[in-house]
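Asker: Sharing data.txt, compact mmCIF, C-alpha atoms:
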```
# COMPACT_ATOMS: atom_id res chain seq x y z
CA MET J 269 -11.65 26.97 -57.06
CA SER J 270 -8.38 26.00 -58.79
CA ASN J 271 -6.92 22.55 -58.27
CA GLN J 272 -3.33 22.72 -56.96
CA TYR J 273 -2.33 19.77 -59.18
CA GLU J 274 -3.53 21.18 -62.52
CA ALA J 275 -0.23 22.77 -63.54
CA VAL J 276 1.74 19.65 -62.62
CA MET J 277 -0.59 17.32 -64.53
CA LEU J 278 -0.45 19.44 -67.68
CA LYS J 279 3.31 18.79 -67.84
CA LYS J 280 2.95 15.01 -67.66
CA ASN J 281 2.79 12.79 -70.73
CA ASN J 282 -0.21 10.63 -71.62
CA GLU J 283 1.23 7.45 -70.11
CA GLN J 284 2.00 9.16 -66.81
CA LEU J 285 -1.52 10.55 -66.62
CA LEU J 286 -3.05 7.13 -67.33
CA LYS J 287 -0.89 5.57 -64.62
CA ILE J 288 -2.15 8.14 -62.13
CA ILE J 289 -5.77 7.66 -63.15
CA ASN J 290 -5.53 3.86 -62.96
CA SER J 291 -3.41 3.72 -59.81
CA PRO J 292 -4.60 1.78 -56.74
CA GLU J 293 -6.81 3.70 -54.33
CA GLY J 294 -4.79 5.68 -51.85
CA ASP J 295 -1.71 6.21 -54.04
CA TYR J 296 -2.79 9.73 -55.08
CA HIS J 297 -5.05 12.43 -53.64
CA ALA J 298 -8.50 12.67 -55.20
CA GLU J 299 -7.63 16.17 -56.42
CA ALA J 300 -4.55 14.86 -58.23
CA ILE J 301 -6.60 12.15 -59.97
CA ALA J 302 -9.24 14.71 -60.97
CA ALA J 303 -6.54 17.00 -62.37
CA ALA J 304 -5.01 14.09 -64.31
CA LYS J 305 -8.43 13.21 -65.79
CA ALA J 306 -9.00 16.84 -66.76
CA ALA J 307 -5.56 17.09 -68.39
CA LEU J 308 -6.13 13.84 -70.31
CA ASP J 309 -9.62 14.93 -71.42
CA GLY J 310 -8.18 18.20 -72.68
CA ARG J 311 -5.87 16.31 -75.03
CA GLN J 312 -8.81 14.72 -76.86
CA LEU J 313 -7.19 11.32 -77.32
CA SER J 314 -9.00 8.54 -79.15
CA GLU J 315 -10.75 5.84 -77.14
CA ALA J 316 -8.65 3.19 -78.91
CA TYR J 317 -5.40 4.89 -77.86
CA ILE J 318 -6.53 5.18 -74.25
CA LYS J 319 -7.67 1.54 -74.19
CA GLY J 320 -4.37 0.31 -75.67
CA ALA J 321 -2.25 2.41 -73.36
CA THR J 322 -4.27 1.32 -70.33
CA GLN J 323 -3.79 -2.33 -71.32
CA ALA J 324 -0.03 -1.78 -71.72
CA ILE J 325 0.14 -0.18 -68.26
CA ALA J 326 -1.80 -3.11 -66.77
CA THR J 327 0.61 -5.60 -68.39
CA GLU J 328 3.59 -3.64 -67.09
CA GLN J 329 2.09 -3.66 -63.58
CA GLU J 330 1.56 -7.44 -63.76
CA ILE J 331 5.26 -7.88 -64.56
CA VAL J 332 6.24 -5.65 -61.63
CA ASP J 333 3.93 -7.56 -59.28
CA GLU J 334 5.27 -10.92 -60.49
CA LYS J 335 8.83 -9.75 -59.91
CA ALA J 336 7.99 -8.49 -56.42
CA SER J 337 6.52 -11.85 -55.38
CA GLU J 338 9.26 -14.10 -56.79
CA PRO J 339 10.41 -16.51 -54.06
CA THR J 340 13.97 -17.18 -52.96
CA SER J 341 15.53 -20.50 -53.92
CA THR J 342 16.03 -23.13 -51.25
CA LEU J 343 19.78 -23.18 -51.97
CA TRP J 344 20.04 -19.42 -51.33
CA LYS J 345 18.03 -19.73 -48.10
CA GLY J 346 20.39 -22.49 -46.95
CA LEU J 347 23.47 -20.42 -47.74
CA CYS J 348 22.03 -17.45 -45.87
CA PHE J 349 21.34 -19.68 -42.87
CA LEU J 350 24.70 -21.48 -42.83
CA LEU J 351 26.86 -18.46 -43.73
CA PRO J 352 25.05 -15.43 -42.30
CA GLY J 353 26.65 -12.05 -42.59
CA GLY J 354 26.70 -8.59 -44.01
CA LEU J 355 27.18 -9.82 -47.57
CA GLN J 356 23.79 -11.53 -47.52
CA LEU J 357 22.16 -8.44 -46.05
CA GLY J 358 23.79 -6.45 -48.86
CA PHE J 359 22.22 -8.83 -51.35
CA ALA J 360 18.86 -8.34 -49.61
CA SER J 361 19.08 -4.58 -50.09
CA THR J 362 20.05 -5.08 -53.74
CA PHE J 363 17.06 -7.38 -54.25
CA LYS J 364 14.81 -4.75 -52.69
CA ALA J 365 16.21 -2.00 -54.92
CA ASP J 366 15.66 -4.18 -58.00
CA GLY J 367 12.01 -4.78 -57.11
CA TYR J 368 12.36 -8.32 -55.72
CA HIS J 369 10.59 -7.56 -52.45
CA ARG J 370 9.87 -11.14 -51.39
CA LYS J 371 13.45 -12.24 -52.15
CA ALA J 372 14.78 -9.35 -50.08
CA ARG J 373 12.55 -10.18 -47.14
CA GLU J 374 13.36 -13.91 -47.25
CA THR J 375 17.11 -13.32 -47.64
CA ALA J 376 17.17 -11.01 -44.62
CA SER J 377 15.02 -13.41 -42.59
CA TRP J 378 17.13 -16.50 -43.30
CA THR J 379 20.31 -14.55 -42.59
CA LEU J 380 18.92 -13.49 -39.23
CA TYR J 381 17.81 -17.08 -38.52
CA GLY J 382 21.40 -18.15 -39.15
CA VAL J 383 22.76 -15.48 -36.82
CA GLY J 384 20.31 -16.60 -34.15
CA PHE J 385 21.27 -20.24 -34.66
CA TYR J 386 24.99 -19.54 -34.22
CA LEU J 387 24.37 -17.29 -31.22
CA GLY J 388 22.29 -20.07 -29.71
CA LEU J 389 25.12 -22.57 -30.27
CA ILE J 390 27.60 -20.22 -28.62
CA LEU J 391 25.26 -19.71 -25.68
CA LEU J 392 24.72 -23.47 -25.31
CA SER J 393 28.46 -24.14 -25.39
CA ARG J 394 29.01 -21.51 -22.67
CA ILE J 395 26.26 -22.92 -20.49
CA SER J 396 27.41 -26.52 -20.98
CA SER J 397 30.97 -25.56 -20.02
CA TRP J 398 29.70 -24.31 -16.66
CA TYR J 399 28.03 -27.61 -15.84
CA PHE J 400 30.39 -30.17 -17.36
```
As structure tokens - that is how I would like this structure written.

Answerer:
Amino acid sequence: MSNQYEAVMLKKNNEQLLKIINSPEGDYHAEAIAAAKAALDGRQLSEAYIKGATQAIATEQEIVDEKASEPTSTLWKGLCFLLPGGLQLGFASTFKADGYHRKARETASWTLYGVGFYLGLILLSRISSWYF
């Protein structure tokens, strides 16, 4: 039986195939990984090349993971809280697009905390005006 991914994998370069083979479980179908292994085996690459390329991919992934988990500064959190608005949410989407997932999440959260704080103040002022 022919694997539906064989033709696609033959078009990929060595680095792309190694990324697929070494990807976390669940990122690719088992058939796709098998087709990538078959395509890489057919190229008869040296063990040293594969080892070096795999190490380079692992280093690249560490950099991506480090970037994704970089925290937001306390100053930025304070600004998002005190001056909440669309601009901060725009920054959050930019952070997300650039791979700074934690920064994006924290920026959006602190902006929403600020919105909630100001809405709470407005609500308290309305309630207090009824009683005083």

Asker: Please provide as a PyMOL selection string all residues within 8 Å of Lys287 of chain J, with the sequence filter that same-chain residues fewer than 3 positions apart are discarded (counting all atoms listed in the file).

Answerer: chain J and resi 283-284+290-291+322+325

Asker: Using all atoms of segment 328-347 of chain J that appear in the file, construct an axis-aligned enclosing box with 4 Å of padding on every side and provide its centre coordinates and edge lengths in Å, rounded to one decimal, as AutoDock Vina command-line options.

Answerer:
```
--center_x 12.5 --center_y -13.4 --center_z -57.0 --size_x 29.9 --size_y 27.5 --size_z 28.1
```

Asker: Which neighbours of Leu347 of chain J fall inside 10 Å, counting all atoms listed in the file, when residues of the same chain fewer than 2 positions from it are skipped, and could you give them as a list of chain:residue names?

Answerer: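 What passes the distance filter is J:Thr342, J:Leu343, J:Trp344, J:Lys345, J:Phe349, J:Leu350, J:Leu351, J:Pro352, J:Gln356, J:Thr375, J:Trp378, J:Thr379, J:Gly382.
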
Asker: Would you mind reading off the distance between atom CA of Ala326 of chain J and atom CA of Ala275 of chain J, one decimal, in Å?

Answerer: 26.1 Å

Asker: I'd like the interatomic distance between atom CA of Gln329 of chain J and atom CA of Ile288 of chain J, to a tenth of an Å.

Answerer: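 Pair atom CA of Gln329 of chain J / atom CA of Ile288 of chain J returns 12.6 Å.
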
Asker: So what do you get for atom CA of Ser341 of chain J versus atom CA of Arg370 of chain J, distance-wise?

Answerer: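 Separation between atom CA of Ser341 of chain J and atom CA of Arg370 of chain J: 11.2 Å.
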
Asker: Here is a test: counting all atoms listed in the file, which residue of J:Asn282, J:Thr340, J:Thr327, J:Gln272 is nearest to Lys305 of chain J?

Answerer: J:Asn282

Asker: Please determine, counting only C-alpha atoms, which residue among J:Ile301, J:Val332, J:Leu286, J:Met277 has the shortest atom-to-atom distance to Tyr317 of chain J.

Answerer: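 For Tyr317 of chain J, the nearest of the given residues is J:Leu286.
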
Asker: If we draw a sphere of 12 Å around (22.7, -7.4, -43.8), which residues have at least one atom in it when counting all atoms listed in the file? Please report them as a PyMOL selection string.

Answerer: chain J and resi 348+351-363+372-380+382-383

Asker: So which residues touch Ala306 of chain J within 10 Å, counting all atoms listed in the file, skipping near sequence neighbours fewer than 6 positions away, as a list in words?

Answerer: Glu274, Met277, Leu278, Leu285 and Ala300 of chain J

Asker: Just write the chosen residues, C-alpha atoms, as a PDB file, keeping the file's coordinate frame.

Answerer:
```pdb
ATOM      1  CA  GLU J 274      -3.530  21.180 -62.520  1.00  0.00           C
ATOM      2  CA  MET J 277      -0.590  17.320 -64.530  1.00  0.00           C
ATOM      3  CA  LEU J 278      -0.450  19.440 -67.680  1.00  0.00           C
ATOM      4  CA  LEU J 285      -1.520  10.550 -66.620  1.00  0.00           C
ATOM      5  CA  ALA J 300      -4.550  14.860 -58.230  1.00  0.00           C
TER       6      ALA J 300
END
```

Asker: With distances taken over all atoms listed in the file, which residue among J:Ala365, J:Ile289, J:Arg394, J:Ser337 lies nearest Ile318 of chain J?

Answerer: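 Among the listed residues, the smallest separation from Ile318 of chain J belongs to J:Ile289.
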
Asker: Select, from J:Pro339, J:Gly346, J:Gly310, J:Pro292, the residue with the minimum atom-to-atom distance to Tyr381 of chain J, counting all atoms listed in the file.

Answerer: J:Gly346

Asker: Between J:Leu387, J:Ile331, J:Gly320, J:Asn281, which is the closest to Leu308 of chain J once you count only C-alpha atoms?

Answerer: J:Asn281

Asker: Would you mind putting N, CA and C atoms back on segment 352-375 of chain J and writing the result as an mmCIF file, in the coordinates of the input?

Answerer:
```
data_model
loop_
_atom_site.group_PDB
_atom_site.id
_atom_site.type_symbol
_atom_site.label_atom_id
_atom_site.label_comp_id
_atom_site.auth_asym_id
_atom_site.auth_seq_id
_atom_site.Cartn_x
_atom_site.Cartn_y
_atom_site.Cartn_z
ATOM 1 N N PRO J 352 25.680 -16.753 -42.439
ATOM 2 C CA PRO J 352 25.050 -15.430 -42.300
ATOM 3 C C PRO J 352 26.097 -14.331 -42.200
ATOM 4 N N GLY J 353 25.729 -13.170 -42.703
ATOM 5 C CA GLY J 353 26.650 -12.050 -42.590
ATOM 6 C C GLY J 353 26.172 -10.835 -43.349
ATOM 7 N N GLY J 354 27.017 -9.854 -43.369
ATOM 8 C CA GLY J 354 26.700 -8.590 -44.010
ATOM 9 C C GLY J 354 26.555 -8.704 -45.509
ATOM 10 N N LEU J 355 27.274 -9.643 -46.125
ATOM 11 C CA LEU J 355 27.180 -9.820 -47.570
ATOM 12 C C LEU J 355 25.748 -10.201 -47.968
ATOM 13 N N GLN J 356 25.151 -11.112 -47.218
ATOM 14 C CA GLN J 356 23.790 -11.530 -47.520
ATOM 15 C C GLN J 356 22.803 -10.378 -47.306
ATOM 16 N N LEU J 357 23.026 -9.591 -46.278
ATOM 17 C CA LEU J 357 22.160 -8.440 -46.050
ATOM 18 C C LEU J 357 22.347 -7.398 -47.164
ATOM 19 N N GLY J 358 23.554 -7.311 -47.698
ATOM 20 C CA GLY J 358 23.790 -6.450 -48.860
ATOM 21 C C GLY J 358 23.020 -6.937 -50.076
ATOM 22 N N PHE J 359 23.012 -8.262 -50.266
ATOM 23 C CA PHE J 359 22.220 -8.830 -51.350
ATOM 24 C C PHE J 359 20.733 -8.531 -51.145
ATOM 25 N N ALA J 360 20.268 -8.615 -49.905
ATOM 26 C CA ALA J 360 18.860 -8.340 -49.610
ATOM 27 C C ALA J 360 18.501 -6.909 -50.009
ATOM 28 N N SER J 361 19.378 -5.965 -49.720
ATOM 29 C CA SER J 361 19.080 -4.580 -50.090
ATOM 30 C C SER J 361 19.125 -4.390 -51.606
ATOM 31 N N THR J 362 20.003 -5.136 -52.281
ATOM 32 C CA THR J 362 20.050 -5.080 -53.740
ATOM 33 C C THR J 362 18.775 -5.668 -54.337
ATOM 34 N N PHE J 363 18.325 -6.797 -53.793
ATOM 35 C CA PHE J 363 17.060 -7.380 -54.250
ATOM 36 C C PHE J 363 15.919 -6.383 -54.098
ATOM 37 N N LYS J 364 15.878 -5.729 -52.959
ATOM 38 C CA LYS J 364 14.810 -4.750 -52.690
ATOM 39 C C LYS J 364 14.865 -3.604 -53.694
ATOM 40 N N ALA J 365 16.058 -3.110 -53.971
ATOM 41 C CA ALA J 365 16.210 -2.000 -54.920
ATOM 42 C C ALA J 365 15.816 -2.410 -56.331
ATOM 43 N N ASP J 366 16.002 -3.692 -56.664
ATOM 44 C CA ASP J 366 15.660 -4.180 -58.000
ATOM 45 C C ASP J 366 14.198 -4.597 -58.121
ATOM 46 N N GLY J 367 13.427 -4.469 -57.046
ATOM 47 C CA GLY J 367 12.010 -4.780 -57.110
ATOM 48 C C GLY J 367 11.650 -6.186 -56.659
ATOM 49 N N TYR J 368 12.617 -6.963 -56.203
ATOM 50 C CA TYR J 368 12.360 -8.320 -55.720
ATOM 51 C C TYR J 368 12.085 -8.268 -54.221
ATOM 52 N N HIS J 369 10.907 -7.806 -53.854
ATOM 53 C CA HIS J 369 10.590 -7.560 -52.450
ATOM 54 C C HIS J 369 10.540 -8.837 -51.618
ATOM 55 N N ARG J 370 9.942 -9.884 -52.154
ATOM 56 C CA ARG J 370 9.870 -11.140 -51.390
ATOM 57 C C ARG J 370 11.257 -11.738 -51.204
ATOM 58 N N LYS J 371 12.080 -11.729 -52.262
ATOM 59 C CA LYS J 371 13.450 -12.240 -52.150
ATOM 60 C C LYS J 371 14.232 -11.480 -51.089
ATOM 61 N N ALA J 372 14.064 -10.180 -51.067
ATOM 62 C CA ALA J 372 14.780 -9.350 -50.080
ATOM 63 C C ALA J 372 14.359 -9.719 -48.669
ATOM 64 N N ARG J 373 13.064 -9.842 -48.462
ATOM 65 C CA ARG J 373 12.550 -10.180 -47.140
ATOM 66 C C ARG J 373 13.013 -11.567 -46.695
ATOM 67 N N GLU J 374 12.951 -12.551 -47.598
ATOM 68 C CA GLU J 374 13.360 -13.910 -47.250
ATOM 69 C C GLU J 374 14.865 -14.011 -47.024
ATOM 70 N N THR J 375 15.650 -13.305 -47.822
ATOM 71 C CA THR J 375 17.110 -13.320 -47.640
ATOM 72 C C THR J 375 17.477 -12.738 -46.277
#
```
